[in-house]
>>> print(open('input-v7.cif').read())   # mmCIF, C-alpha atoms and all ligand atoms
data_start
#
loop_
_atom_site.label_atom_id
_atom_site.label_comp_id
_atom_site.auth_asym_id
_atom_site.auth_seq_id
_atom_site.Cartn_x
_atom_site.Cartn_y
_atom_site.Cartn_z
CA MET B 1 62.95 72.65 -7.72
CA ALA B 2 64.11 69.62 -5.75
CA ALA B 3 64.42 66.47 -7.86
CA PHE B 4 61.52 64.10 -7.19
CA SER B 5 61.08 60.69 -8.74
CA GLU B 6 57.38 61.31 -9.49
CA LEU B 7 55.31 64.29 -10.51
CA VAL B 8 51.69 64.10 -9.41
CA PHE B 9 48.95 66.30 -10.90
CA SER B 10 45.24 66.38 -10.24
CA GLY B 11 42.38 68.86 -10.21
CA VAL B 12 38.92 69.56 -8.90
CA GLN B 13 36.31 71.75 -10.59
CA PRO B 14 34.99 74.73 -8.61
CA THR B 15 31.39 73.95 -9.51
CA GLY B 16 29.92 73.97 -5.99
CA ASN B 17 28.62 71.21 -3.69
CA LEU B 18 31.94 69.42 -3.03
CA HIS B 19 30.89 66.00 -1.77
CA LEU B 20 32.07 62.80 -0.14
CA GLY B 21 32.85 61.27 -3.56
CA ASN B 22 35.22 64.16 -4.37
CA TYR B 23 36.81 63.73 -0.96
CA LEU B 24 37.24 59.94 -0.87
CA GLY B 25 37.86 59.46 -4.61
CA ALA B 26 40.25 62.38 -5.01
CA ILE B 27 41.12 64.95 -2.31
CA ARG B 28 41.99 62.51 0.48
CA ARG B 29 44.21 60.61 -1.93
CA PHE B 30 45.92 63.90 -2.88
CA VAL B 31 46.84 64.26 0.79
CA GLU B 32 48.22 60.71 0.92
CA MET B 33 50.37 61.30 -2.17
CA GLN B 34 52.31 63.95 -0.23
CA ALA B 35 54.05 61.14 1.68
CA ARG B 36 55.60 59.84 -1.56
CA ASP B 37 58.80 61.02 -3.20
CA ALA B 38 56.74 63.25 -5.44
CA GLN B 39 56.22 66.87 -6.40
CA CYS B 40 52.44 67.22 -6.15
CA LEU B 41 50.42 69.85 -8.02
CA TYR B 42 46.78 70.29 -7.04
CA CYS B 43 44.76 72.55 -9.24
CA VAL B 44 41.37 74.22 -8.94
CA VAL B 45 40.33 73.77 -12.55
CA ASP B 46 38.30 76.92 -13.19
CA LEU B 47 38.78 76.79 -16.98
CA HIS B 48 37.00 73.44 -16.90
CA ALA B 49 34.24 74.85 -14.70
CA ILE B 50 33.09 77.37 -17.32
CA THR B 51 32.43 74.64 -19.89
CA LEU B 52 28.99 74.84 -18.23
CA TRP B 53 27.75 78.36 -17.43
CA GLN B 54 28.75 79.61 -13.97
CA ASP B 55 27.52 82.68 -12.15
CA PRO B 56 30.68 84.87 -12.04
CA GLU B 57 30.41 85.89 -8.37
CA ALA B 58 29.57 82.34 -7.30
CA LEU B 59 32.51 81.01 -9.33
CA LYS B 60 34.98 83.20 -7.41
CA ALA B 61 33.56 81.92 -4.11
CA GLN B 62 33.68 78.31 -5.34
CA ILE B 63 37.34 78.64 -6.41
CA ARG B 64 38.19 79.79 -2.89
CA GLU B 65 36.01 77.08 -1.37
CA VAL B 66 37.78 74.25 -3.24
CA THR B 67 41.13 75.75 -2.20
CA ALA B 68 39.92 75.84 1.41
CA ALA B 69 38.83 72.19 1.11
CA PHE B 70 42.29 71.20 -0.15
CA LEU B 71 43.97 72.91 2.78
CA ALA B 72 41.43 71.75 5.37
CA ALA B 73 41.80 68.14 4.19
CA GLY B 74 45.54 68.30 4.83
CA ILE B 75 47.23 69.45 1.64
CA ASP B 76 50.25 71.46 2.75
CA PRO B 77 50.74 74.39 0.34
CA ARG B 78 54.45 74.52 1.10
CA ARG B 79 54.95 70.85 0.29
CA SER B 80 52.49 70.76 -2.62
CA ILE B 81 51.71 73.36 -5.26
CA VAL B 82 48.11 74.57 -4.86
CA PHE B 83 46.82 76.90 -7.56
CA ASN B 84 43.98 77.74 -9.93
CA GLN B 85 44.21 76.89 -13.58
CA SER B 86 43.34 80.29 -15.06
CA GLN B 87 46.39 81.90 -13.38
CA VAL B 88 48.75 79.72 -15.42
CA PRO B 89 48.31 80.54 -19.14
CA GLN B 90 50.29 77.49 -20.30
CA HIS B 91 47.24 75.22 -19.73
CA ALA B 92 45.18 76.93 -22.43
CA GLU B 93 48.19 77.37 -24.70
CA LEU B 94 49.12 73.70 -24.65
CA ALA B 95 45.45 72.73 -25.08
CA TRP B 96 45.48 74.51 -28.45
CA VAL B 97 48.52 72.54 -29.63
CA PHE B 98 46.81 69.35 -28.44
CA ASN B 99 43.62 70.32 -30.29
CA CYS B 100 45.74 69.92 -33.40
CA VAL B 101 47.08 66.52 -32.25
CA ALA B 102 43.88 64.88 -30.91
CA ARG B 103 41.48 63.39 -33.46
CA LEU B 104 37.77 64.13 -33.75
CA GLY B 105 37.00 60.40 -33.60
CA TRP B 106 38.73 60.15 -30.22
CA LEU B 107 36.60 62.93 -28.72
CA ASN B 108 33.42 61.54 -30.23
CA ARG B 109 33.85 58.49 -28.01
CA MET B 110 33.97 60.43 -24.72
CA THR B 111 31.04 59.31 -22.58
CA GLN B 112 31.20 62.24 -20.14
CA PHE B 113 30.45 64.66 -22.96
CA LYS B 114 27.47 62.57 -24.02
CA ASP B 115 26.18 62.47 -20.42
CA LYS B 116 26.70 66.17 -19.73
CA ALA B 117 25.50 67.46 -23.12
CA GLY B 118 22.31 65.41 -22.80
CA LYS B 119 19.84 65.23 -25.66
CA ASP B 120 20.49 68.72 -27.05
CA ARG B 121 24.09 68.14 -28.07
CA GLU B 122 24.03 70.98 -30.63
CA ALA B 123 23.54 73.46 -27.77
CA ALA B 124 26.55 72.28 -25.74
CA SER B 125 29.58 74.55 -25.58
CA ILE B 126 32.64 73.70 -27.66
CA GLY B 127 34.55 73.87 -24.37
CA LEU B 128 32.51 70.99 -22.96
CA TYR B 129 33.39 68.90 -26.01
CA ASP B 130 37.06 69.90 -25.76
CA TYR B 131 37.24 69.29 -21.99
CA PRO B 132 39.37 66.11 -22.23
CA VAL B 133 41.96 67.88 -24.42
CA LEU B 134 42.33 70.66 -21.85
CA MET B 135 42.67 67.97 -19.19
CA ALA B 136 45.52 66.38 -21.18
CA ALA B 137 47.18 69.82 -21.31
CA ASP B 138 46.74 70.27 -17.52
CA ILE B 139 48.60 67.04 -16.90
CA LEU B 140 51.23 67.22 -19.60
CA ALA B 141 52.18 70.89 -19.08
CA TYR B 142 53.95 69.49 -16.01
CA ARG B 143 54.88 66.21 -17.70
CA ALA B 144 53.12 64.55 -14.76
CA THR B 145 53.85 60.88 -14.22
CA HIS B 146 50.92 60.06 -11.90
CA VAL B 147 47.32 61.29 -11.72
CA PRO B 148 45.07 60.28 -8.79
CA VAL B 149 41.40 60.52 -9.84
CA GLY B 150 38.02 58.84 -9.39
CA GLU B 151 36.94 56.11 -11.78
CA ASP B 152 34.79 58.49 -13.85
CA GLN B 153 37.99 60.08 -15.21
CA LYS B 154 39.46 56.82 -16.56
CA GLN B 155 38.48 57.43 -20.17
CA HIS B 156 39.89 60.97 -20.11
CA LEU B 157 43.21 59.69 -18.81
CA GLU B 158 43.36 57.14 -21.60
CA LEU B 159 42.91 60.04 -24.02
CA THR B 160 45.76 61.91 -22.29
CA ARG B 161 48.00 58.90 -22.91
CA ASP B 162 46.91 58.76 -26.58
CA ILE B 163 47.66 62.46 -27.06
CA ALA B 164 51.11 62.13 -25.42
CA GLN B 165 51.96 59.15 -27.61
CA LYS B 166 50.75 60.79 -30.82
CA PHE B 167 52.67 63.99 -30.07
CA ASN B 168 55.80 61.93 -29.37
CA THR B 169 55.35 60.04 -32.66
CA ASP B 170 54.31 62.99 -34.85
CA PHE B 171 57.28 65.07 -33.71
CA ALA B 172 59.81 62.31 -33.02
CA GLY B 173 62.49 63.79 -35.31
CA SER B 174 62.07 67.32 -34.00
CA ILE B 175 62.08 66.13 -30.37
CA VAL B 176 65.48 64.52 -30.91
CA ALA B 177 66.75 67.46 -33.00
CA HIS B 178 65.97 69.83 -30.14
CA GLY B 179 67.69 67.61 -27.62
CA HIS B 180 64.50 66.64 -25.78
CA GLY B 181 64.29 62.93 -26.59
CA ASP B 182 66.37 60.17 -25.10
CA GLY B 183 67.39 59.05 -28.61
CA GLU B 184 65.48 55.80 -28.15
CA GLY B 185 62.07 57.00 -29.21
CA THR B 186 60.71 57.44 -25.68
CA GLY B 187 59.74 60.95 -26.61
CA PHE B 188 59.00 64.18 -24.86
CA PHE B 189 55.78 63.57 -22.95
CA PRO B 190 55.49 60.74 -20.39
CA VAL B 191 52.72 58.18 -20.70
CA THR B 192 50.96 59.14 -17.50
CA GLU B 193 49.93 56.51 -14.95
CA PRO B 194 46.34 56.87 -13.70
CA LEU B 195 45.93 56.13 -9.98
CA ILE B 196 42.36 54.89 -9.63
CA GLY B 197 41.25 52.41 -7.05
CA GLY B 198 40.25 51.55 -3.52
CA PRO B 199 36.72 51.12 -2.17
CA ALA B 200 35.78 54.74 -3.00
CA ALA B 201 36.92 55.01 -6.62
CA ARG B 202 33.25 55.48 -7.50
CA VAL B 203 31.01 56.65 -4.65
CA MET B 204 27.36 56.32 -5.67
CA SER B 205 24.30 58.45 -4.94
CA LEU B 206 22.60 57.83 -1.60
CA ARG B 207 19.24 57.82 -3.41
CA ASP B 208 20.17 55.53 -6.30
CA GLY B 209 23.06 53.09 -6.08
CA THR B 210 23.39 52.91 -9.86
CA ARG B 211 24.22 56.64 -10.26
CA LYS B 212 27.45 58.37 -9.25
CA MET B 213 27.35 60.77 -6.30
CA SER B 214 27.48 64.07 -8.12
CA LYS B 215 27.66 67.82 -7.48
CA SER B 216 24.91 68.48 -9.98
CA ASP B 217 22.36 65.98 -8.60
CA ALA B 218 19.11 67.89 -8.10
CA SER B 219 18.55 66.14 -4.76
CA ASP B 220 20.82 67.35 -1.95
CA ASN B 221 19.95 64.10 -0.13
CA ALA B 222 21.79 62.15 -2.83
CA ARG B 223 25.15 63.38 -1.57
CA ILE B 224 27.01 64.25 1.62
CA ASN B 225 28.51 67.70 1.13
CA LEU B 226 31.86 68.52 2.73
CA THR B 227 30.16 71.46 4.41
CA ASP B 228 27.28 69.42 5.89
CA ASP B 229 26.98 69.52 9.68
CA ALA B 230 26.55 66.44 11.88
CA ASP B 231 22.74 66.63 11.78
CA ALA B 232 22.64 66.83 7.99
CA ILE B 233 25.05 63.89 7.66
CA ALA B 234 22.98 61.80 10.09
CA SER B 235 19.71 62.60 8.34
CA LYS B 236 21.11 61.83 4.85
CA VAL B 237 22.69 58.52 5.91
CA ARG B 238 19.56 57.42 7.80
CA ARG B 239 17.41 58.22 4.74
CA ALA B 240 19.85 56.56 2.30
CA LYS B 241 18.15 53.95 0.13
CA THR B 242 18.81 50.31 1.10
CA ASP B 243 17.11 46.95 0.66
CA SER B 244 15.45 45.07 3.50
CA ASP B 245 17.99 42.23 3.93
CA ALA B 246 20.71 42.13 6.57
CA LEU B 247 24.29 42.80 5.51
CA PRO B 248 26.02 39.73 4.03
CA SER B 249 29.12 38.32 5.66
CA GLU B 250 31.12 38.23 2.40
CA VAL B 251 31.67 40.66 -0.47
CA ALA B 252 30.13 38.21 -2.96
CA GLY B 253 26.83 38.73 -1.12
CA LEU B 254 26.80 42.40 -2.19
CA ALA B 255 26.36 41.45 -5.87
CA GLY B 256 23.14 42.92 -7.23
CA ARG B 257 22.71 45.07 -4.10
CA ALA B 258 24.03 48.43 -5.39
CA GLU B 259 22.95 50.53 -2.40
CA ALA B 260 24.32 48.09 0.18
CA ASP B 261 27.58 47.82 -1.76
CA ASN B 262 27.86 51.62 -1.84
CA LEU B 263 27.37 52.09 1.92
CA VAL B 264 29.84 49.31 2.70
CA GLY B 265 32.35 50.89 0.27
CA ILE B 266 31.93 54.31 1.89
CA PHE B 267 32.42 52.81 5.35
CA ALA B 268 35.54 50.93 4.18
CA ALA B 269 37.05 54.04 2.59
CA LEU B 270 36.34 56.25 5.61
CA LYS B 271 37.92 53.72 7.94
CA GLY B 272 40.79 52.82 5.59
CA ILE B 273 39.92 49.10 5.50
CA THR B 274 38.58 46.69 2.88
CA ARG B 275 34.94 45.79 2.20
CA ASP B 276 35.79 42.28 3.49
CA ALA B 277 36.95 43.71 6.80
CA VAL B 278 33.73 45.76 7.11
CA LEU B 279 31.60 42.67 6.48
CA ALA B 280 33.66 40.59 8.89
CA GLU B 281 32.44 43.01 11.56
CA TYR B 282 28.92 43.85 10.34
CA GLY B 283 27.87 40.72 8.40
CA GLY B 284 24.39 39.75 9.61
CA ALA B 285 23.68 43.25 11.01
CA GLN B 286 20.57 45.21 10.04
CA PHE B 287 21.01 48.49 8.16
CA SER B 288 19.70 50.52 11.09
CA ALA B 289 22.68 49.45 13.23
CA PHE B 290 25.18 49.74 10.38
CA LYS B 291 23.95 53.21 9.42
CA GLY B 292 24.43 54.37 13.02
CA ALA B 293 28.08 53.32 12.89
CA LEU B 294 28.46 54.92 9.46
CA VAL B 295 27.08 58.25 10.71
CA GLU B 296 29.55 58.23 13.58
CA LEU B 297 32.46 57.53 11.27
CA ALA B 298 31.42 60.09 8.66
CA VAL B 299 30.89 62.83 11.27
CA GLU B 300 34.22 62.03 12.93
CA THR B 301 36.03 62.34 9.57
CA LEU B 302 34.19 65.25 7.99
CA SER B 303 33.41 67.58 10.91
CA PRO B 304 37.01 68.76 11.44
CA ILE B 305 37.34 69.39 7.70
CA ALA B 306 34.11 71.41 7.58
CA ALA B 307 35.19 73.44 10.62
CA GLN B 308 38.59 74.20 9.13
CA MET B 309 37.02 75.12 5.75
CA LYS B 310 34.84 77.61 7.61
CA ARG B 311 37.85 79.15 9.39
CA LEU B 312 39.85 79.38 6.16
CA SER B 313 36.93 80.83 4.21
CA ALA B 314 36.77 83.72 6.67
CA ASP B 315 40.15 84.90 5.33
CA PRO B 316 39.93 85.09 1.50
CA GLY B 317 43.16 87.13 1.45
CA HIS B 318 45.06 84.13 2.77
CA ILE B 319 43.45 81.80 0.21
CA ASP B 320 44.30 84.21 -2.62
CA ALA B 321 47.93 84.40 -1.42
CA VAL B 322 48.17 80.58 -1.44
CA LEU B 323 46.82 80.53 -5.01
CA ALA B 324 49.17 83.29 -6.18
CA ASP B 325 52.21 81.54 -4.70
CA GLY B 326 51.14 78.18 -6.14
CA SER B 327 50.47 79.69 -9.56
CA GLU B 328 53.95 81.21 -9.73
CA ARG B 329 55.54 77.89 -8.78
CA ALA B 330 53.35 76.00 -11.24
CA GLU B 331 54.20 78.41 -14.05
CA ALA B 332 57.91 77.96 -13.33
CA ILE B 333 57.46 74.28 -14.23
CA ALA B 334 55.00 74.70 -17.12
CA ALA B 335 56.76 77.56 -18.93
CA PRO B 336 59.89 75.54 -19.91
CA THR B 337 57.61 72.72 -21.14
CA LEU B 338 55.78 75.16 -23.37
CA ASP B 339 59.04 76.67 -24.64
CA ALA B 340 60.18 73.17 -25.59
CA VAL B 341 56.81 72.39 -27.23
CA LYS B 342 57.06 75.56 -29.33
CA ASP B 343 60.55 74.59 -30.49
CA ILE B 344 59.44 71.04 -31.24
CA VAL B 345 56.32 72.09 -33.18
CA GLY B 346 58.30 74.66 -35.19
CA PHE B 347 57.17 78.01 -33.80
CA VAL B 348 59.58 80.95 -33.68
CA ARG B 349 59.70 81.97 -30.05
CA ARG B 350 59.70 85.64 -29.05
CA THR B 351 63.12 87.14 -28.45
CA ARG B 352 63.03 89.68 -25.66
CA LEU B 353 63.61 93.13 -27.21
CA ARG B 354 63.82 94.94 -23.92
CA SER B 355 64.51 93.80 -20.39
CA VAL B 356 61.50 93.62 -18.11
N1 LIG V 401 31.19 59.97 -6.98
C1 LIG V 401 32.51 60.01 -7.02
N2 LIG V 401 33.25 59.00 -6.50
C2 LIG V 401 34.61 59.04 -6.53
N3 LIG V 401 35.30 60.07 -7.09
C3 LIG V 401 34.60 61.09 -7.61
N4 LIG V 401 34.97 62.23 -8.23
C4 LIG V 401 33.87 62.93 -8.59
N5 LIG V 401 32.77 62.27 -8.23
C5 LIG V 401 33.18 61.12 -7.63
C6 LIG V 401 36.36 62.64 -8.43
O1 LIG V 401 36.53 63.90 -7.84
C7 LIG V 401 37.54 64.60 -8.58
C8 LIG V 401 37.03 65.97 -8.90
O2 LIG V 401 35.89 65.87 -9.74
P1 LIG V 401 35.47 67.14 -10.57
O3 LIG V 401 34.97 68.16 -9.66
O4 LIG V 401 36.59 67.61 -11.39
O5 LIG V 401 34.44 66.71 -11.60
P2 LIG V 401 33.16 65.84 -11.63
O6 LIG V 401 33.55 64.41 -11.82
O7 LIG V 401 32.35 66.40 -12.72
O8 LIG V 401 32.41 66.04 -10.28
P3 LIG V 401 30.94 65.64 -10.05
O9 LIG V 401 30.75 65.70 -8.61
O10 LIG V 401 30.58 64.38 -10.69
O11 LIG V 401 30.16 66.81 -10.74
P4 LIG V 401 29.03 66.75 -11.85
O12 LIG V 401 27.80 66.81 -11.09
O13 LIG V 401 29.28 67.98 -12.65
O14 LIG V 401 29.18 65.49 -12.65
C9 LIG V 401 37.85 63.76 -9.83
O15 LIG V 401 39.05 63.03 -9.60
C10 LIG V 401 36.68 62.81 -9.90
O16 LIG V 401 37.02 61.59 -10.51
#
>>> encode(input="input-v7.cif", output="structure tokens")
Amino acid sequence: MAAFSELVFSGVQPTGNLHLGNYLGAIRRFVEMQARDAQCLYCVVDLHAITLWQDPEALKAQIREVTAAFLAAGIDPRRSIVFNQSQVPQHAELAWVFNCVARLGWLNRMTQFKDKAGKDREAASIGLYDYPVLMAADILAYRATHVPVGEDQKQHLELTRDIAQKFNTDFAGSIVAHGHGDGEGTGFFPVTEPLIGGPAARVMSLRDGTRKMSKSDASDNARINLTDDADAIASKVRRAKTDSDALPSEVAGLAGRAEADNLVGIFAALKGITRDAVLAEYGGAQFSAFKGALVELAVETLSPIAAQMKRLSADPGHIDAVLADGSERAEAIAAPTLDAVKDIVGFVRRTRLRSV
């Protein structure tokens, strides 16, 4: 592998209904990261997906659909490593070691579990509870230095940093003894840098500006799907909830106007400008005019992606070959990490008795 100064990892769950929030908060930023001096790994996190029950046939289709979305958005599978999590066994293996490092009290504070488990917490899967530990393993199996995600993942990334630091502390002596430390207590795992930000770090529902745009929202009108056609995008934006005032001319005027703030943020992210720049142009405009411009921009950005996803989805063999190639390259990075972890923790590694 060529030596890069950064290692970027991120993932998307194949749970259907990929939406504008996933695109602006994550996938488009994955594409931008390819311009940096970085080895990028982009993972379809199917092990995470089954923390909530998935129809097996639908899951296969959704894994291929997320892969198609990555490629259609501009991720180059030669430049970046594109793969699905279940093809690389080191994710689950490292998650077990981390289960023995992470503390129950840490997981009990995770708000996403509370939201997703709902009132009947006793009926939630253990996988759903353990989700953030698996996410730490996803990132640290590659000793990733940077993780671009939406704002909803902030708490999980803080947990990843806590797990890395506790592993480094708990096994400090063994890390040095096995030649993996730098001798100055920096340790084996990096303290990963979350990359969260920009006007689309948290895209909100089109029906309720206080709730995140989400795949699982019962109302399809709450989100713009990456596969929506121009008519669907236009109808959803035109029906998006707003207040009756004109747009303000400064960002401060968006305070207390969640829906207006959301549409301005979406416009800014799609155009690659700031909210201030949007309001410099549209301050004083009525929503009807602004929504027209937003539809145009959203269709212009998303239509080519939807068309390319459709083309790619017609050739599942190609998608599967991309995933197989990516999984082999990912495993080539993760396997030495796991070998080192086994040495550090004190496991006796298998000696090969016969050549394969
Ligand atoms: N609304 C959002 N705004 C900005 N970023 C978002 N992300 C998700 N929703 C938004 C980011 O997209 C990446 C992939 O997310 P995921 O598929 O792994 O998981 P998720 O957060 O559970 O997705 P949803 O859409 O929110 O699904 P449900 O309905 O299950 O809750 C991540 O980087 C995430 O931050």
>>> residues_near_ligand(input="input-v7.cif", ligand="ligand LIG 401 (chain V)", cutoff="7 Å", atoms="only C-alpha atoms and all ligand atoms", output="PyMOL selection string")
chain B and resi 11-15+18-19+21-26+148-153+200-204+212-217
>>> residues_around(input="input-v7.cif", residues="B:Leu104", least_positions_apart="6", cutoff="12 Å", atoms="all atoms listed in the file", output="PyMOL selection string")
chain B and resi 98+110+129-130+132-133+159
>>> closest_residue(input="input-v7.cif", among="B:Thr51, B:Ser10, B:Asn17, B:Asn168", to="B:Asn84", atoms="only C-alpha atoms")
B:Ser10
>>> closest_residue(input="input-v7.cif", among="B:Asp37, B:Asp76, B:Asp339, B:Asp325", to="B:Ala3", atoms="only C-alpha atoms")
B:Asp37
>>> atom_distance(input="input-v7.cif", atom1="atom CA of B:Leu195", atom2="atom CA of B:Lys154")
9.3 Å
